$ cat protein-v4.txt   # compact mmCIF, C-alpha atoms
# COMPACT_ATOMS: atom_id res chain seq x y z
CA MET B 22 -36.58 45.75 -5.70
CA THR B 23 -35.89 49.40 -4.93
CA THR B 24 -35.07 50.28 -1.32
CA GLU B 25 -34.99 53.77 0.12
CA TRP B 26 -31.53 54.45 1.51
CA ALA B 27 -30.53 57.45 3.60
CA PRO B 28 -29.41 60.21 1.18
CA ASN B 29 -26.01 60.63 2.89
CA THR B 30 -25.04 56.99 2.17
CA PHE B 31 -23.35 55.58 -0.91
CA LEU B 32 -26.49 53.85 -2.20
CA GLY B 33 -28.77 56.69 -1.14
CA GLY B 34 -26.82 59.17 -3.24
CA LEU B 35 -27.30 57.14 -6.43
CA PRO B 36 -30.30 57.06 -8.77
CA PRO B 37 -32.52 54.15 -7.65
CA ALA B 38 -31.84 52.10 -10.80
CA THR B 39 -28.07 52.52 -10.34
CA ALA B 40 -28.28 51.52 -6.67
CA ASP B 41 -30.35 48.48 -7.62
CA GLU B 42 -27.74 47.50 -10.20
CA VAL B 43 -24.82 47.39 -7.77
CA VAL B 44 -26.91 45.62 -5.11
CA GLY B 45 -27.80 43.08 -7.80
CA LEU B 46 -24.09 42.41 -8.34
CA SER B 47 -23.66 41.41 -4.70
CA VAL B 48 -23.85 38.09 -2.91
CA ARG B 49 -25.63 38.52 0.40
CA ARG B 50 -24.33 37.20 3.68
CA GLN B 51 -25.44 37.67 7.28
CA PHE B 52 -23.38 38.52 10.34
CA ALA B 53 -24.30 37.90 13.95
CA PRO B 54 -23.62 40.66 16.52
CA GLY B 55 -19.89 41.07 17.10
CA ARG B 56 -18.81 39.20 13.98
CA VAL B 57 -16.01 40.72 11.89
CA VAL B 58 -17.08 41.79 8.41
CA LEU B 59 -13.62 42.98 7.30
CA ARG B 60 -10.37 42.67 9.23
CA GLU B 61 -7.56 45.22 9.35
CA GLY B 62 -4.45 44.01 7.52
CA ASP B 63 -6.24 41.46 5.33
CA ARG B 64 -5.59 41.57 1.61
CA GLU B 65 -9.05 40.60 0.40
CA ARG B 66 -10.19 42.88 -2.42
CA HIS B 67 -13.99 42.79 -2.34
CA VAL B 68 -16.26 45.54 -1.02
CA GLU B 69 -19.25 45.12 1.26
CA LEU B 70 -22.54 46.97 0.85
CA ILE B 71 -24.27 47.37 4.22
CA LEU B 72 -27.86 46.40 3.40
CA SER B 73 -29.30 46.28 6.92
CA GLY B 74 -27.94 46.90 10.40
CA PHE B 75 -24.99 48.99 11.54
CA VAL B 76 -21.25 48.31 11.68
CA LYS B 77 -18.40 49.85 13.64
CA VAL B 78 -15.11 50.75 11.97
CA THR B 79 -12.04 50.44 14.20
CA THR B 80 -8.27 50.44 13.91
CA SER B 81 -5.57 49.23 16.27
CA VAL B 82 -2.56 51.41 17.08
CA GLU B 83 0.06 49.84 19.34
CA GLY B 84 -2.55 47.46 20.69
CA VAL B 85 -5.10 50.18 21.46
CA GLU B 86 -8.35 49.90 19.52
CA THR B 87 -9.73 53.18 18.23
CA LEU B 88 -13.29 53.62 17.00
CA LEU B 89 -13.20 55.53 13.70
CA GLY B 90 -16.87 55.65 12.91
CA ILE B 91 -20.18 53.92 12.33
CA ARG B 92 -21.58 52.90 8.97
CA ALA B 93 -25.29 52.60 8.26
CA PRO B 94 -27.50 50.74 5.76
CA GLY B 95 -26.64 52.00 2.30
CA ASP B 96 -22.97 52.58 3.07
CA VAL B 97 -20.09 50.78 1.39
CA VAL B 98 -17.04 49.52 3.31
CA GLY B 99 -13.74 48.11 2.08
CA GLU B 100 -13.63 50.43 -0.94
CA ILE B 101 -10.22 51.92 -0.12
CA GLY B 102 -8.48 48.55 0.06
CA ALA B 103 -10.27 47.32 -3.04
CA LEU B 104 -9.37 50.32 -5.18
CA THR B 105 -5.83 50.97 -3.92
CA ASP B 106 -4.60 47.38 -3.73
CA GLN B 107 -3.46 47.99 -0.15
CA PRO B 108 -4.19 45.89 2.97
CA ARG B 109 -7.41 46.66 4.81
CA SER B 110 -6.88 49.85 6.82
CA ALA B 111 -9.52 49.09 9.47
CA THR B 112 -11.67 46.36 10.98
CA VAL B 113 -15.43 46.42 10.40
CA THR B 114 -17.59 44.68 13.00
CA ALA B 115 -21.32 44.00 13.09
CA CYS B 116 -23.38 45.87 15.69
CA GLY B 117 -26.41 43.66 16.05
CA ARG B 118 -27.46 41.56 13.10
CA VAL B 119 -26.16 42.78 9.75
CA VAL B 120 -26.90 41.82 6.18
CA ALA B 121 -24.16 42.79 3.74
CA GLY B 122 -23.67 42.33 0.02
CA VAL B 123 -20.27 41.20 -1.26
CA VAL B 124 -19.20 42.73 -4.57
CA THR B 125 -15.95 41.53 -6.12
CA ARG B 126 -13.28 44.06 -6.94
CA ALA B 127 -13.63 43.37 -10.67
CA ASP B 128 -17.40 43.83 -10.61
CA PHE B 129 -17.16 46.98 -8.48
CA GLU B 130 -14.52 48.58 -10.72
CA ALA B 131 -16.56 47.76 -13.83
CA PHE B 132 -19.66 49.23 -12.18
CA LEU B 133 -17.80 52.46 -11.38
CA ARG B 134 -16.58 52.71 -14.98
CA ARG B 135 -20.17 52.39 -16.20
CA HIS B 136 -21.45 54.93 -13.69
CA PRO B 137 -19.16 57.94 -13.11
CA ASP B 138 -21.72 59.32 -10.66
CA ALA B 139 -21.11 56.28 -8.45
CA ALA B 140 -17.34 56.81 -8.67
CA LEU B 141 -17.90 60.38 -7.49
CA ARG B 142 -19.95 59.06 -4.57
CA VAL B 143 -17.03 56.83 -3.53
CA THR B 144 -14.67 59.81 -3.71
CA ALA B 145 -17.09 61.93 -1.72
CA GLY B 146 -17.38 59.20 0.91
CA VAL B 147 -13.61 59.04 1.38
CA ALA B 148 -13.47 62.84 1.57
CA GLU B 149 -16.18 62.83 4.24
CA GLN B 150 -14.15 60.35 6.30
CA LEU B 151 -11.19 62.74 6.12
CA ARG B 152 -13.40 65.70 7.09
CA TRP B 153 -14.74 63.71 10.01
CA ALA B 154 -11.22 62.98 11.24
CA ASN B 155 -10.26 66.63 10.83
CA ARG B 156 -13.31 67.74 12.83
CA ARG B 157 -12.23 65.48 15.67
CA ARG B 158 -8.73 67.00 15.63
CA ILE B 159 -10.16 70.54 15.62
CA ASP B 160 -12.51 69.62 18.46
CA PHE B 161 -9.54 68.41 20.49
CA ALA B 162 -7.78 71.75 20.07
CA VAL B 163 -10.80 73.99 20.71
CA TYR B 164 -13.39 72.37 22.99
CA PRO B 165 -13.39 70.86 26.50
CA ALA B 166 -14.19 67.17 26.83
CA HIS B 167 -17.92 67.40 27.58
CA VAL B 168 -18.46 69.71 24.57
CA ARG B 169 -16.47 67.37 22.31
CA LEU B 170 -18.66 64.52 23.53
CA ALA B 171 -21.83 66.52 22.85
CA ARG B 172 -20.65 67.25 19.30
CA LEU B 173 -19.80 63.59 18.71
CA LEU B 174 -23.14 62.34 20.02
CA VAL B 175 -25.07 64.70 17.75
CA GLU B 176 -23.15 63.36 14.75
CA ILE B 177 -23.67 59.74 15.77
CA ALA B 178 -27.38 60.39 16.25
CA GLY B 179 -27.53 61.55 12.64
CA THR B 180 -26.23 58.14 11.56
CA CYS B 181 -27.93 55.68 13.87
CA GLY B 182 -30.34 57.60 16.10
CA ARG B 183 -33.86 56.27 16.60
CA PRO B 184 -36.84 57.47 18.63
CA GLY B 185 -36.45 56.54 22.29
CA ARG B 186 -39.18 55.40 24.64
CA ASP B 187 -38.93 58.61 26.67
CA GLY B 188 -39.16 60.91 23.66
CA GLY B 189 -35.43 61.31 23.23
CA VAL B 190 -33.13 59.93 20.56
CA GLU B 191 -31.63 56.54 21.34
CA ILE B 192 -28.27 55.66 19.82
CA GLY B 193 -28.99 52.47 17.91
CA VAL B 194 -25.48 51.04 18.29
CA PRO B 195 -24.03 49.83 21.61
CA LEU B 196 -21.03 52.05 22.41
CA SER B 197 -18.75 51.58 25.38
CA GLN B 198 -17.15 54.44 27.28
CA PRO B 199 -13.67 53.47 26.02
CA GLU B 200 -14.96 53.60 22.43
CA LEU B 201 -16.40 57.07 22.98
CA ALA B 202 -13.14 58.13 24.61
CA THR B 203 -11.03 57.06 21.63
CA MET B 204 -13.26 58.97 19.21
CA ILE B 205 -12.64 62.29 20.99
CA ALA B 206 -9.07 61.59 22.14
CA ILE B 207 -9.59 61.56 25.90
CA GLY B 208 -8.90 59.06 28.65
CA PRO B 209 -11.44 56.75 30.35
CA ALA B 210 -11.63 58.88 33.51
CA THR B 211 -12.20 62.03 31.47
CA VAL B 212 -14.97 60.49 29.39
CA GLN B 213 -16.68 59.38 32.59
CA LYS B 214 -16.63 62.97 33.82
CA ALA B 215 -17.91 64.23 30.46
CA ILE B 216 -20.80 61.74 30.56
CA GLN B 217 -21.59 62.76 34.13
CA GLU B 218 -21.58 66.42 33.06
CA LEU B 219 -24.06 65.82 30.24
CA ARG B 220 -26.18 63.53 32.38
CA GLY B 221 -26.24 66.09 35.19
CA ARG B 222 -27.53 68.71 32.76
CA GLY B 223 -30.36 66.39 31.77
CA LEU B 224 -29.06 66.08 28.22
CA ILE B 225 -28.44 62.31 28.12
CA SER B 226 -29.35 59.14 29.98
CA THR B 227 -27.19 56.02 30.06
CA GLY B 228 -27.41 52.32 30.80
CA TYR B 229 -25.24 49.32 30.02
CA ARG B 230 -23.96 50.06 26.51
CA ARG B 231 -27.08 52.18 26.00
CA LEU B 232 -27.19 55.91 25.48
CA THR B 233 -30.18 58.20 24.88
CA LEU B 234 -30.01 61.86 23.92
CA LEU B 235 -32.76 63.52 25.93
CA ASP B 236 -32.44 67.00 24.42
CA LEU B 237 -30.87 67.00 20.97
CA ASP B 238 -31.41 70.73 20.47
CA ALA B 239 -29.61 71.55 23.74
CA LEU B 240 -26.73 69.26 22.77
CA ARG B 241 -26.47 71.07 19.44
CA GLU B 242 -26.41 74.41 21.23
CA LEU B 243 -23.77 73.22 23.69
CA GLY B 244 -21.66 71.88 20.83
CA GLU B 245 -22.11 75.06 18.78
CA ILE B 246 -23.56 73.02 15.93
CA PRO B 247 -25.79 75.01 13.51
$ encode --input "protein-v4.txt" --output "structure tokens"
Amino acid sequence: MTTEWAPNTFLGGLPPATADEVVGLSVRRQFAPGRVVLREGDRERHVELILSGFVKVTTSVEGVETLLGIRAPGDVVGEIGALTDQPRSATVTACGRVVAGVVTRADFEAFLRRHPDAALRVTAGVAEQLRWANRRRIDFAVYPAHVRLARLLVEIAGTCGRPGRDGGVEIGVPLSQPELATMIAIGPATVQKAIQELRGRGLISTGYRRLTLLDLDALRELGEIP
């Protein structure tokens, strides 16, 4: 059965028949909120296709957990460890209920050999992760904290934003202030001030692990995002 995936995801960038083929190779399993899908340092070699729900990708440096990104339905995770024969470089955790498809390393490699376009999508996905990290480093050098936060929230909204009850865009993944802080390389006190700044301008509203973008266009303008 063909599913429409977001075009910026691994599955969404493939022809429908090709996407159906790799999904058909997978064994589905479900994860409750907060369950670990992949764990940093493990030497398992399978990949996981995110079929429904969202996951957070984190890494731990000297005991400090850093949020690297969010993956959406249609994305693939674990591909770097599977294809490089290295330990998992990050932990992947379910945000809400998640359905994922396990594809063995052998099956995934054979699939990529049959479909060079899929191999290019994997390469493009890794390149996008590097670009994302570079954007965060550039942001740190150029923009003040509240602008860096605005830029980050616009990007996150593109991955997991959904219409909010008040007409804004609600972030569909629960994110804590410390997680936001690690993504833009600031401290907890600074991220609190940045959130207060955006909230005071009427650009966002917040609740317990809930964040709504009230004016996406104004956030784009503040963040100098075309």
$ closest_residue --input "protein-v4.txt" --among "B:Ala53, B:Ala93, B:Ile177, B:Leu35" --to "Leu72 of chain B" --atoms "only C-alpha atoms"
B:Ala93
$ atom_distance --input "protein-v4.txt" --atom1 "atom CA of Glu200 of chain B" --atom2 "atom CA of Phe52 of chain B"
21.1 Å
$ atom_distance --input "protein-v4.txt" --atom1 "atom CA of Thr227 of chain B" --atom2 "atom CA of Lys77 of chain B"
19.6 Å
$ closest_residue --input "protein-v4.txt" --among "B:Ala27, B:Ala131, B:Ala178, B:Val85" --to "Pro199 of chain B" --atoms "only C-alpha atoms"
B:Val85
$ residues_around --input "protein-v4.txt" --residues "segment 41-48 of chain B" --least-positions-apart "6" --cutoff "10 Å" --atoms "all atoms listed in the file" --output "list in words"
Met22, Thr23, Thr24, Leu32, Leu35, Val68, Glu69, Leu70, Ile71, Leu72, Gly95, Ala121, Gly122, Val123, Val124, Thr125, Asp128, Phe129, Phe132, Leu133 and Ala139 of chain B
$ closest_residue --input "protein-v4.txt" --among "B:Ala202, B:Val175, B:Ala40, B:Val143" --to "Ala239 of chain B" --atoms "only C-alpha atoms"
B:Val175
$ atom_distance --input "protein-v4.txt" --atom1 "atom CA of Ser81 of chain B" --atom2 "atom CA of Ala206 of chain B"
14.1 Å
$ residues_near_point --input "protein-v4.txt" --point "(-5.4, 46.7, 3.5)" --cutoff "7 Å" --atoms "all atoms listed in the file" --output "list in words"
Glu61, Gly62, Asp63, Arg64, Gly102, Gln107, Pro108, Arg109 and Ser110 of chain B
$ residues_around --input "protein-v4.txt" --residues "Pro165 of chain B" --least-positions-apart "5" --cutoff "10 Å" --atoms "all atoms listed in the file" --output "VMD selection string"
chain B and resid 160 170 215
$ residues_around --input "protein-v4.txt" --residues "Gly34 of chain B" --least-positions-apart "5" --cutoff "12 Å" --atoms "all atoms listed in the file" --output "number ranges by chain"
B: 25-29, 39-40, 95-97, 138-143, 145-146
$ closest_residue --input "protein-v4.txt" --among "B:Val190, B:Ala103, B:His167, B:Leu237" --to "Val212 of chain B" --atoms "all atoms listed in the file"
B:His167
$ closest_residue --input "protein-v4.txt" --among "B:Leu196, B:Ile205, B:Leu243, B:Glu83" --to "Gly228 of chain B" --atoms "all atoms listed in the file"
B:Leu196
$ residues_around --input "protein-v4.txt" --residues "Val120 of chain B" --least-positions-apart "4" --cutoff "6 Å" --atoms "only C-alpha atoms" --output "list in words"
Arg50, Gln51, Leu72 and Ser73 of chain B
$ decode --input "protein-v4.txt" --residues "segment 91-135 of chain B" --atoms "N, CA and C atoms" --output "PDB file, in the first residue's frame"
ATOM      1  N   ILE B  91      15.338  16.104  14.970  1.00  0.00           N
ATOM      2  CA  ILE B  91      14.079  15.385  15.035  1.00  0.00           C
ATOM      3  C   ILE B  91      13.866  14.718  13.687  1.00  0.00           C
ATOM      4  N   ARG B  92      13.426  13.471  13.715  1.00  0.00           N
ATOM      5  CA  ARG B  92      13.152  12.755  12.479  1.00  0.00           C
ATOM      6  C   ARG B  92      11.656  12.460  12.398  1.00  0.00           C
ATOM      7  N   ALA B  93      11.139  12.543  11.173  1.00  0.00           N
ATOM      8  CA  ALA B  93       9.700  12.478  10.928  1.00  0.00           C
ATOM      9  C   ALA B  93       9.339  11.191  10.192  1.00  0.00           C
ATOM     10  N   PRO B  94       8.030  10.908  10.053  1.00  0.00           N
ATOM     11  CA  PRO B  94       7.621   9.753   9.252  1.00  0.00           C
ATOM     12  C   PRO B  94       8.194   9.830   7.841  1.00  0.00           C
ATOM     13  N   GLY B  95       8.775   8.730   7.413  1.00  0.00           N
ATOM     14  CA  GLY B  95       9.442   8.688   6.114  1.00  0.00           C
ATOM     15  C   GLY B  95      10.946   8.761   6.212  1.00  0.00           C
ATOM     16  N   ASP B  96      11.464   9.161   7.365  1.00  0.00           N
ATOM     17  CA  ASP B  96      12.912   9.235   7.548  1.00  0.00           C
ATOM     18  C   ASP B  96      13.487   7.860   7.869  1.00  0.00           C
ATOM     19  N   VAL B  97      14.780   7.709   7.665  1.00  0.00           N
ATOM     20  CA  VAL B  97      15.509   6.513   8.041  1.00  0.00           C
ATOM     21  C   VAL B  97      16.517   6.904   9.113  1.00  0.00           C
ATOM     22  N   VAL B  98      16.699   6.069  10.121  1.00  0.00           N
ATOM     23  CA  VAL B  98      17.697   6.296  11.165  1.00  0.00           C
ATOM     24  C   VAL B  98      18.545   5.038  11.315  1.00  0.00           C
ATOM     25  N   GLY B  99      19.785   5.242  11.754  1.00  0.00           N
ATOM     26  CA  GLY B  99      20.696   4.119  11.937  1.00  0.00           C
ATOM     27  C   GLY B  99      21.496   3.772  10.698  1.00  0.00           C
ATOM     28  N   GLU B 100      21.335   4.589   9.624  1.00  0.00           N
ATOM     29  CA  GLU B 100      21.989   4.242   8.362  1.00  0.00           C
ATOM     30  C   GLU B 100      23.501   4.406   8.427  1.00  0.00           C
ATOM     31  N   ILE B 101      23.988   5.366   9.226  1.00  0.00           N
ATOM     32  CA  ILE B 101      25.438   5.583   9.272  1.00  0.00           C
ATOM     33  C   ILE B 101      26.128   4.393   9.925  1.00  0.00           C
ATOM     34  N   GLY B 102      25.611   3.947  11.058  1.00  0.00           N
ATOM     35  CA  GLY B 102      26.190   2.787  11.725  1.00  0.00           C
ATOM     36  C   GLY B 102      26.100   1.529  10.878  1.00  0.00           C
ATOM     37  N   ALA B 103      24.979   1.374  10.183  1.00  0.00           N
ATOM     38  CA  ALA B 103      24.786   0.176   9.363  1.00  0.00           C
ATOM     39  C   ALA B 103      25.765   0.126   8.207  1.00  0.00           C
ATOM     40  N   LEU B 104      26.023   1.272   7.582  1.00  0.00           N
ATOM     41  CA  LEU B 104      26.825   1.285   6.363  1.00  0.00           C
ATOM     42  C   LEU B 104      28.315   1.483   6.618  1.00  0.00           C
ATOM     43  N   THR B 105      28.681   1.955   7.815  1.00  0.00           N
ATOM     44  CA  THR B 105      30.094   2.187   8.103  1.00  0.00           C
ATOM     45  C   THR B 105      30.688   1.158   9.048  1.00  0.00           C
ATOM     46  N   ASP B 106      29.843   0.275   9.578  1.00  0.00           N
ATOM     47  CA  ASP B 106      30.303  -0.740  10.524  1.00  0.00           C
ATOM     48  C   ASP B 106      30.911  -0.122  11.774  1.00  0.00           C
ATOM     49  N   GLN B 107      30.383   1.028  12.183  1.00  0.00           N
ATOM     50  CA  GLN B 107      30.829   1.708  13.394  1.00  0.00           C
ATOM     51  C   GLN B 107      29.711   1.661  14.436  1.00  0.00           C
ATOM     52  N   PRO B 108      30.044   1.847  15.732  1.00  0.00           N
ATOM     53  CA  PRO B 108      28.988   1.876  16.748  1.00  0.00           C
ATOM     54  C   PRO B 108      28.000   3.004  16.469  1.00  0.00           C
ATOM     55  N   ARG B 109      26.789   2.849  16.979  1.00  0.00           N
ATOM     56  CA  ARG B 109      25.781   3.889  16.819  1.00  0.00           C
ATOM     57  C   ARG B 109      26.322   5.219  17.330  1.00  0.00           C
ATOM     58  N   SER B 110      26.146   6.265  16.534  1.00  0.00           N
ATOM     59  CA  SER B 110      26.699   7.578  16.894  1.00  0.00           C
ATOM     60  C   SER B 110      25.727   8.426  17.692  1.00  0.00           C
ATOM     61  N   ALA B 111      24.482   7.966  17.854  1.00  0.00           N
ATOM     62  CA  ALA B 111      23.490   8.753  18.581  1.00  0.00           C
ATOM     63  C   ALA B 111      22.402   7.824  19.091  1.00  0.00           C
ATOM     64  N   THR B 112      21.629   8.335  20.039  1.00  0.00           N
ATOM     65  CA  THR B 112      20.460   7.630  20.560  1.00  0.00           C
ATOM     66  C   THR B 112      19.213   8.199  19.903  1.00  0.00           C
ATOM     67  N   VAL B 113      18.298   7.323  19.532  1.00  0.00           N
ATOM     68  CA  VAL B 113      17.031   7.716  18.912  1.00  0.00           C
ATOM     69  C   VAL B 113      15.908   7.303  19.859  1.00  0.00           C
ATOM     70  N   THR B 114      15.066   8.253  20.231  1.00  0.00           N
ATOM     71  CA  THR B 114      14.032   8.024  21.230  1.00  0.00           C
ATOM     72  C   THR B 114      12.667   8.415  20.683  1.00  0.00           C
ATOM     73  N   ALA B 115      11.659   7.622  20.982  1.00  0.00           N
ATOM     74  CA  ALA B 115      10.306   7.896  20.505  1.00  0.00           C
ATOM     75  C   ALA B 115       9.708   9.102  21.219  1.00  0.00           C
ATOM     76  N   CYS B 116       9.118   9.997  20.430  1.00  0.00           N
ATOM     77  CA  CYS B 116       8.327  11.110  20.953  1.00  0.00           C
ATOM     78  C   CYS B 116       6.862  10.754  20.693  1.00  0.00           C
ATOM     79  N   GLY B 117       6.152  10.378  21.718  1.00  0.00           N
ATOM     80  CA  GLY B 117       4.826   9.834  21.472  1.00  0.00           C
ATOM     81  C   GLY B 117       4.945   8.422  20.935  1.00  0.00           C
ATOM     82  N   ARG B 118       3.858   7.893  20.444  1.00  0.00           N
ATOM     83  CA  ARG B 118       3.873   6.529  19.916  1.00  0.00           C
ATOM     84  C   ARG B 118       4.475   6.523  18.516  1.00  0.00           C
ATOM     85  N   VAL B 119       5.333   5.554  18.285  1.00  0.00           N
ATOM     86  CA  VAL B 119       6.072   5.459  17.022  1.00  0.00           C
ATOM     87  C   VAL B 119       5.941   4.051  16.466  1.00  0.00           C
ATOM     88  N   VAL B 120       5.732   3.972  15.169  1.00  0.00           N
ATOM     89  CA  VAL B 120       5.825   2.696  14.461  1.00  0.00           C
ATOM     90  C   VAL B 120       7.037   2.787  13.537  1.00  0.00           C
ATOM     91  N   ALA B 121       7.935   1.828  13.670  1.00  0.00           N
ATOM     92  CA  ALA B 121       9.149   1.806  12.859  1.00  0.00           C
ATOM     93  C   ALA B 121       9.259   0.463  12.159  1.00  0.00           C
ATOM     94  N   GLY B 122       9.985   0.463  11.038  1.00  0.00           N
ATOM     95  CA  GLY B 122      10.226  -0.767  10.301  1.00  0.00           C
ATOM     96  C   GLY B 122      11.695  -1.125  10.328  1.00  0.00           C
ATOM     97  N   VAL B 123      12.017  -2.290  10.844  1.00  0.00           N
ATOM     98  CA  VAL B 123      13.400  -2.756  10.923  1.00  0.00           C
ATOM     99  C   VAL B 123      13.796  -3.408   9.606  1.00  0.00           C
ATOM    100  N   VAL B 124      14.894  -2.928   9.034  1.00  0.00           N
ATOM    101  CA  VAL B 124      15.454  -3.532   7.821  1.00  0.00           C
ATOM    102  C   VAL B 124      16.875  -3.981   8.161  1.00  0.00           C
ATOM    103  N   THR B 125      17.182  -5.235   7.918  1.00  0.00           N
ATOM    104  CA  THR B 125      18.526  -5.728   8.226  1.00  0.00           C
ATOM    105  C   THR B 125      19.560  -5.032   7.352  1.00  0.00           C
ATOM    106  N   ARG B 126      20.787  -5.028   7.843  1.00  0.00           N
ATOM    107  CA  ARG B 126      21.867  -4.414   7.066  1.00  0.00           C
ATOM    108  C   ARG B 126      21.990  -5.059   5.696  1.00  0.00           C
ATOM    109  N   ALA B 127      21.939  -6.397   5.640  1.00  0.00           N
ATOM    110  CA  ALA B 127      22.095  -7.090   4.361  1.00  0.00           C
ATOM    111  C   ALA B 127      20.984  -6.702   3.393  1.00  0.00           C
ATOM    112  N   ASP B 128      19.750  -6.670   3.879  1.00  0.00           N
ATOM    113  CA  ASP B 128      18.631  -6.308   3.010  1.00  0.00           C
ATOM    114  C   ASP B 128      18.730  -4.849   2.555  1.00  0.00           C
ATOM    115  N   PHE B 129      19.159  -3.962   3.464  1.00  0.00           N
ATOM    116  CA  PHE B 129      19.248  -2.544   3.112  1.00  0.00           C
ATOM    117  C   PHE B 129      20.349  -2.318   2.084  1.00  0.00           C
ATOM    118  N   GLU B 130      21.500  -2.956   2.276  1.00  0.00           N
ATOM    119  CA  GLU B 130      22.588  -2.804   1.310  1.00  0.00           C
ATOM    120  C   GLU B 130      22.181  -3.347  -0.056  1.00  0.00           C
ATOM    121  N   ALA B 131      21.502  -4.490  -0.081  1.00  0.00           N
ATOM    122  CA  ALA B 131      21.062  -5.055  -1.356  1.00  0.00           C
ATOM    123  C   ALA B 131      20.044  -4.135  -2.028  1.00  0.00           C
ATOM    124  N   PHE B 132      19.155  -3.551  -1.234  1.00  0.00           N
ATOM    125  CA  PHE B 132      18.175  -2.608  -1.768  1.00  0.00           C
ATOM    126  C   PHE B 132      18.874  -1.404  -2.396  1.00  0.00           C
ATOM    127  N   LEU B 133      19.887  -0.868  -1.722  1.00  0.00           N
ATOM    128  CA  LEU B 133      20.610   0.289  -2.266  1.00  0.00           C
ATOM    129  C   LEU B 133      21.351  -0.064  -3.543  1.00  0.00           C
ATOM    130  N   ARG B 134      21.864  -1.298  -3.636  1.00  0.00           N
ATOM    131  CA  ARG B 134      22.536  -1.709  -4.876  1.00  0.00           C
ATOM    132  C   ARG B 134      21.532  -1.798  -6.026  1.00  0.00           C
ATOM    133  N   ARG B 135      20.318  -2.225  -5.729  1.00  0.00           N
ATOM    134  CA  ARG B 135      19.297  -2.317  -6.782  1.00  0.00           C
ATOM    135  C   ARG B 135      18.782  -0.943  -7.190  1.00  0.00           C
TER     136      ARG B 135
END
